[in-house]
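Scroll down for the structure; my scribbles are underneath it.
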Amino acid sequence: MDLAQIGVYGLGTMGSALALNMADHGFKVAVTNREIDWIKPFIDEAGNLAKNLTSFDDLESFVLGLAKPRVILFMIPSTKPMDMMIKAVSPLLDEGDTIIDGGNANFHDTRRRSALMAEQNLHFVGMGVSGGENGARNGPSMMVGGSDHSWTQLKPILQAISAKHQNDPCADHLGPDGAGHFVKTVHNGIEYADMQGIAEIYMLLRDAANWSPEKIGKLFEGWNDGPLASYLVEISAAVLQAKDSITGNPITEIIVDQAGQKGTGRWTAIEALKLGQSGSAIEAAVGARAWSSEKQTREVAQSMLKAQTSAANIPTNDDLAAAFMVTRILGHAQGFRVLKAASDEYDWSLDMARIAEIWRAGCIIRSALLDDISEAFQGSLPQGELILAPVIREILNTGIGSLRRVVSAAISAGIPVPVMSGALAWYDSIRTARGAANMIQAQRDFFGAHGFKRVDQDGNFHGPWWG
Ligand code: 6PG
């Protein structure tokens with residue numbers, strides 16, 4: 001029997017799609033699954049790709065079916081099951097073997113697991129995979145964290161099966177241990193902000209301008225032909241124009257306005273705060289999902305709390321597009337700042353240009369903007385800030401008035417726009433040389449004798465309230 005080049009454990013949606021993608025690219029893949037009755041239907045449905053797939057009913061024979069040094073991709077929940085799997089599989093492995101967690105793991109777990117595996121001379125890779133089922137089957141974006149040794153093993157397979165942006169594979173080794181999973185986490189944080197930004201414009205047009213879902217969908221469809229071209233704008237245009245098969249009404253009219261979340265967006269916000277940062281647009285998007293789930297409270301509150309709105313000037317289509325572009329840039333910029341802070345903290349030396357490049361195809365946030373962002377990171381950035389790169393600041397300087405008009409219109413109409421207003425608040429904070437923190441420092445000194453710096457002398461001082 002030919003030994004397989006890679007093993008895939010876990011034949012759920014993502015694991016199956018990745019295994020088929022590998023087989024489709026000519027790799028010999030060993031597969032197995034905890035519930036063994038999933039295996040036969042998977043092989044049966046693989047059609048002529050089955051020739052590149054070998055299935056096993058137990059972990060031990062699965063491991064023995066792999067060429068050494070072995071590579072095993074685990075597509076199982078990245079929580080307790082991953083820890084249990086490490087325990088079960090480690091004794092079966094040999095020095096130099098690599099196991100990969102391809103789920104949305106918390107990067108702290110990935111760092112811990114990498115250290116644990118390294119003690120046994122085994123390699124642990126934390127790999128972020130973006131693009132959903134279709135991406136996994138036809139070309140995902142993959143963010144790899146792990147050792148150089150593992151990357152040498154994985155590179156030919158991952159770069160073959162990944163999405164390509166003008167022939168450039170959207171899969172790369174980004175750093176050691178948790179780097180790949182962290183980059184994926186921030187990808188999802190940016191994803192949340194982008195999704196919520198689109199949802200805010202939808203709500204403004206729906207409730208303040210009485211636009212139909214189809215009309216909003218058509219607007220987004222038009223955006224997708226220009227600088228806002230992106231997967232998320234494209235699918236938003238599609239969902240707004242889709243009809244419910246039961247009632248014939250627009251599908252968005254029958255979907256309950258309560259958003260789920262699995263945790264990655266929240267982790268981005270949490271880690272940003274831990275790193276002394278604030279990704280206000282990302283935090284706002286996480287918060288908006290949390291508030292969305294409080295449906296009952298909102299229903300009760302609607303009749304109890306007044307809006308006191310005034311007639312809003314409905315923004316022009318050009319203003320809406322420019323406002324969304326500025327919001328999108330600020331959300332991305334905040335994500336990259338979180339990446340920079342983590343890279344410094346954990347010594348990852350993350351290459352921001354490369355990250356932007358591997359997000360240009362395959363992943364959920366793929367967009368035309370990421371071309372500009374990857375180019376901007378290749379040039380010199382004033383203060384290292386993406387928002388100060390010439391090409392980016394030109395878009396911001398042109399569109400910021402539009403964002404103000406859109407946020408003002410939403411505020412007048414009582415439409416919540418937490419991501420757009422959070423992004424705008426950050427923009428105004430970061431572009432203002434003299435802020436209001438002198439007041440905060442005075443307050444801190446008054447109640448806690450924390451001291452402050454003076455504008456005209458070095459040293460630590462107290463105010464007159466301390467005699
Ligand atoms: C992707 C997606 C994918 C998934 C997340 C987000 O990049 O392919 O981000 O990983 O959609 O699980 O899910 P939540 O919205 O449930 O947090």
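Simple scheme: letters A, B, ... for chains in structure tokens order, numbers from 1 for residues in each chain, numbers from 1 for ligands in the order shown.
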
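Residues in contact with Ala171 of chain A at 8 Å, where only C-alpha atoms are counted and same-chain residues fewer than 5 positions away are skipped, are listed as Ser141, Met142, Met143, Val144, Leu158, Gln159, Ser162, Ala163 and Ile358 of chain A.
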
Store the residues of this selection in a file with N, CA, C and O atoms, as a compact mmCIF listing (two decimals), in the first residue's frame.
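result_9.txt, written as the output of this step:
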# COMPACT_ATOMS: atom_id res chain seq x y z
N SER A 141 -7.93 30.62 1.88
CA SER A 141 -6.75 31.37 2.31
C SER A 141 -6.32 30.69 3.61
O SER A 141 -7.15 30.38 4.46
N MET A 142 -5.00 30.42 3.72
CA MET A 142 -4.54 29.69 4.91
C MET A 142 -3.40 30.41 5.60
O MET A 142 -2.41 30.78 4.96
N MET A 143 -3.55 30.60 6.90
CA MET A 143 -2.61 31.37 7.70
C MET A 143 -1.91 30.41 8.66
O MET A 143 -2.53 29.90 9.58
N VAL A 144 -0.65 30.17 8.41
CA VAL A 144 0.04 29.09 9.11
C VAL A 144 0.98 29.62 10.20
O VAL A 144 1.79 30.51 9.96
N LEU A 158 -0.12 22.96 0.82
CA LEU A 158 -1.01 24.10 1.09
C LEU A 158 -0.99 25.12 -0.03
O LEU A 158 -2.03 25.68 -0.40
N GLN A 159 0.19 25.36 -0.60
CA GLN A 159 0.22 26.37 -1.67
C GLN A 159 -0.45 25.83 -2.93
O GLN A 159 -0.99 26.60 -3.72
N SER A 162 -4.41 26.13 -2.12
CA SER A 162 -4.94 27.43 -1.69
C SER A 162 -5.53 28.21 -2.86
O SER A 162 -5.29 27.89 -4.03
N ALA A 163 -6.26 29.27 -2.49
CA ALA A 163 -6.70 30.23 -3.50
C ALA A 163 -5.47 30.91 -4.07
O ALA A 163 -4.42 30.97 -3.40
N ILE A 358 -2.14 37.50 1.37
CA ILE A 358 -2.83 36.20 1.40
C ILE A 358 -4.31 36.33 1.75
O ILE A 358 -5.04 35.36 1.72

- [ ] List every residue of segment 29-266 of chain A that DSSP, applied to the backbone of this structure, assigns to strand (DSSP E), and report them as a PyMOL selection string.
- [x] chain A and resi 29-32+53-55+71-74+98-101+123-130+141-145+164-165+168-169+171-175

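The nearest approach to ligand 1 among the residues A:Glu60, A:Asp458, A:Asp194, A:Asp97, with only C-alpha atoms and all ligand atoms taken into account, belongs to A:Asp194.
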
TODO: Using only C-alpha atoms and all ligand atoms, find each residue with an atom at most 9 Å away from ligand 1 and format the answer as a VMD selection string.
DONE: chain A and resid 103 to 104 128 to 133 135 to 136 140 to 141 184 to 185 187 to 189 191 to 192 259 to 266 362 to 365

Open item on the list: Would you compute the distance between atom CA of Ala105 of chain A and atom CA of Thr79 of chain A? Give it in Å to one decimal.
Closed with: 7.2 Å

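With distances restricted to only C-alpha atoms, A:Lys218 is the closest residue to Tyr202 of chain A from A:Arg337, A:Arg328, A:Arg404, A:Lys218.
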
Open item on the list: List as a list in words the protein and nucleic acid residues near Glu345 of chain A, meaning an atom at most 12 Å away when only C-alpha atoms are counted, but skip any in the same chain fewer than 2 places from it.
Closed with: Ala179, Glu271, Ala272, Lys274, Leu275, Gly276, Val338, Leu339, Lys340, Ala341, Ala342, Ser343, Asp347, Trp348, Ser349 and Leu350 of chain A

- [ ] Could you check which of A:Leu18, A:Ala410, A:Leu388, A:Leu240 is closest to Gly217 of chain A, using only C-alpha atoms?
- [x] A:Leu240

Open item on the list: Neighbouring residues of Leu93 of chain A were defined as those with any atom within 10 Å, considering only C-alpha atoms; residues of the same chain fewer than 6 positions away were excluded. Please report them as a list of chain:residue names.
Closed with: A:Glu60, A:Val63, A:Leu64, A:Lys68, A:Pro69, A:Arg70, A:Val71, A:Ile99, A:Gln120, A:Asn121, A:Leu122

Could you please take those selected residues and save all heavy atoms as a compact mmCIF listing (two decimals), in the first residue's frame?
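See out_17.txt below for the written result:
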# COMPACT_ATOMS: atom_id res chain seq x y z
N GLU A 60 -4.77 4.44 15.06
CA GLU A 60 -3.47 3.79 14.94
C GLU A 60 -3.14 3.41 13.49
O GLU A 60 -2.07 3.74 12.97
CB GLU A 60 -3.45 2.55 15.84
CG GLU A 60 -2.04 2.15 16.15
CD GLU A 60 -2.00 1.21 17.36
OE1 GLU A 60 -2.99 1.12 18.10
OE2 GLU A 60 -0.95 0.57 17.53
N VAL A 63 -2.47 6.53 11.37
CA VAL A 63 -1.11 7.08 11.54
C VAL A 63 -0.10 6.21 10.80
O VAL A 63 0.80 6.73 10.12
CB VAL A 63 -0.77 7.20 13.05
CG1 VAL A 63 0.70 7.54 13.25
CG2 VAL A 63 -1.65 8.25 13.72
N LEU A 64 -0.27 4.91 10.87
CA LEU A 64 0.67 4.00 10.18
C LEU A 64 0.56 4.11 8.66
O LEU A 64 1.48 3.74 7.94
CB LEU A 64 0.42 2.55 10.61
CG LEU A 64 0.84 2.23 12.04
CD1 LEU A 64 0.38 0.81 12.43
CD2 LEU A 64 2.35 2.37 12.22
N LYS A 68 6.54 9.20 6.50
CA LYS A 68 7.25 9.98 7.53
C LYS A 68 8.17 11.01 6.88
O LYS A 68 8.72 10.73 5.82
CB LYS A 68 8.09 9.04 8.39
CG LYS A 68 7.29 8.11 9.26
CD LYS A 68 8.26 7.42 10.22
CE LYS A 68 7.71 6.10 10.71
NZ LYS A 68 8.69 5.36 11.51
N PRO A 69 8.46 12.14 7.50
CA PRO A 69 7.80 12.63 8.69
C PRO A 69 6.34 12.95 8.39
O PRO A 69 6.02 13.53 7.37
CB PRO A 69 8.58 13.90 9.06
CG PRO A 69 9.23 14.35 7.78
CD PRO A 69 9.44 13.13 6.96
N ARG A 70 5.48 12.56 9.29
CA ARG A 70 4.04 12.61 9.02
C ARG A 70 3.47 14.03 9.16
O ARG A 70 4.00 14.85 9.91
CB ARG A 70 3.31 11.71 10.02
CG ARG A 70 3.74 10.26 9.98
CD ARG A 70 2.97 9.49 11.03
NE ARG A 70 3.38 8.10 11.08
CZ ARG A 70 4.33 7.65 11.91
NH1 ARG A 70 4.94 8.47 12.75
NH2 ARG A 70 4.64 6.37 11.91
N VAL A 71 2.39 14.23 8.43
CA VAL A 71 1.62 15.47 8.56
C VAL A 71 0.16 15.08 8.73
O VAL A 71 -0.39 14.38 7.88
CB VAL A 71 1.72 16.35 7.29
CG1 VAL A 71 0.99 17.65 7.51
CG2 VAL A 71 3.14 16.61 6.89
N ILE A 99 1.48 17.83 13.58
CA ILE A 99 0.01 17.81 13.55
C ILE A 99 -0.50 19.24 13.46
O ILE A 99 0.11 20.17 13.99
CB ILE A 99 -0.63 17.04 14.72
CG1 ILE A 99 -0.43 17.74 16.05
CG2 ILE A 99 -0.12 15.60 14.78
CD1 ILE A 99 -1.29 17.13 17.15
N GLN A 120 8.08 16.96 23.22
CA GLN A 120 8.21 15.57 22.74
C GLN A 120 8.84 15.52 21.35
O GLN A 120 8.69 14.52 20.64
CB GLN A 120 6.82 14.92 22.68
CG GLN A 120 6.05 15.01 23.99
CD GLN A 120 4.57 14.74 23.77
OE1 GLN A 120 4.18 13.63 23.40
NE2 GLN A 120 3.73 15.74 23.97
N ASN A 121 9.51 16.62 20.95
CA ASN A 121 10.10 16.74 19.61
C ASN A 121 9.08 16.55 18.50
O ASN A 121 9.37 16.04 17.43
CB ASN A 121 11.25 15.74 19.41
CG ASN A 121 12.45 16.13 20.25
OD1 ASN A 121 12.77 17.32 20.33
ND2 ASN A 121 13.06 15.16 20.90
N LEU A 122 7.86 16.96 18.79
CA LEU A 122 6.81 16.91 17.77
C LEU A 122 6.42 18.35 17.44
O LEU A 122 6.66 19.27 18.23
CB LEU A 122 5.59 16.15 18.31
CG LEU A 122 5.86 14.68 18.69
CD1 LEU A 122 4.65 14.08 19.41
CD2 LEU A 122 6.19 13.86 17.44

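The environment of Leu3 of chain A within 8 Å, counting only C-alpha atoms and disregarding residues fewer than 5 places along the same chain, consists of Lys28, Gly65, Leu66 and Ala67 of chain A.
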
With N, CA and C atoms kept, could you save the residues just selected as a compact mmCIF listing (two decimals), in the first residue's frame?
# COMPACT_ATOMS: atom_id res chain seq x y z
N LYS A 28 -1.91 12.20 -2.17
CA LYS A 28 -2.45 10.96 -1.58
C LYS A 28 -2.84 11.29 -0.15
N GLY A 65 -0.54 4.64 8.19
CA GLY A 65 -0.75 4.80 6.75
C GLY A 65 -0.10 6.04 6.17
N LEU A 66 0.64 6.78 7.01
CA LEU A 66 1.21 8.06 6.55
C LEU A 66 2.72 7.97 6.37
N ALA A 67 3.21 8.58 5.28
CA ALA A 67 4.66 8.64 5.05
C ALA A 67 5.29 9.54 6.11

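Closest approach to Ser150 of chain A among A:Ala19, A:Leu73, A:Ile190, A:Val29: A:Leu73, based on only C-alpha atoms.
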
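Of the residues in segment 212-241 of chain A, those given helix (DSSP H, G or I) by DSSP on the backbone are Pro213, Glu214, Lys215, Ile216, Gly217, Lys218, Leu219, Phe220, Glu221, Gly222, Trp223, Tyr231, Leu232, Val233, Glu234, Ile235, Ser236, Ala237, Ala238, Val239, Leu240 and Gln241 of chain A.
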
Task: Gap from atom CA of Gly15 of chain A to atom CA of Gly47 of chain A - Å, one decimal - done: 16.9 Å

Where does segment 121-216 of chain A meet segment 80-86 of chain A within 12 Å, residue by residue, with the nearest atom pair and distance in Å to one decimal for each, counting only C-alpha atoms, listed by chain and rising number, as a tab-separated table?
residue	atom	partner	partner_atom	distance
A:Leu122	CA	A:Ile86	CA	10.5
A:His123	CA	A:Ile86	CA	11.1
A:Phe124	CA	A:Ile86	CA	9.5
A:Gly126	CA	A:Met82	CA	11.4

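Across the structure, atom CA of Leu204 of chain A and atom CA of Ala269 of chain A are spaced 25.4 Å apart.
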
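Residues with any atom within 10 Å of Glu214 of chain A, counting only C-alpha atoms and excluding same-chain neighbours fewer than 3 positions away, are A:Trp211, A:Gly217, A:Lys218, A:Leu219, A:Phe220, A:Ala237, A:Ala238, A:Val239, A:Leu240, A:Gln241, A:Ala242, A:Lys243, A:Pro250, A:Thr252.
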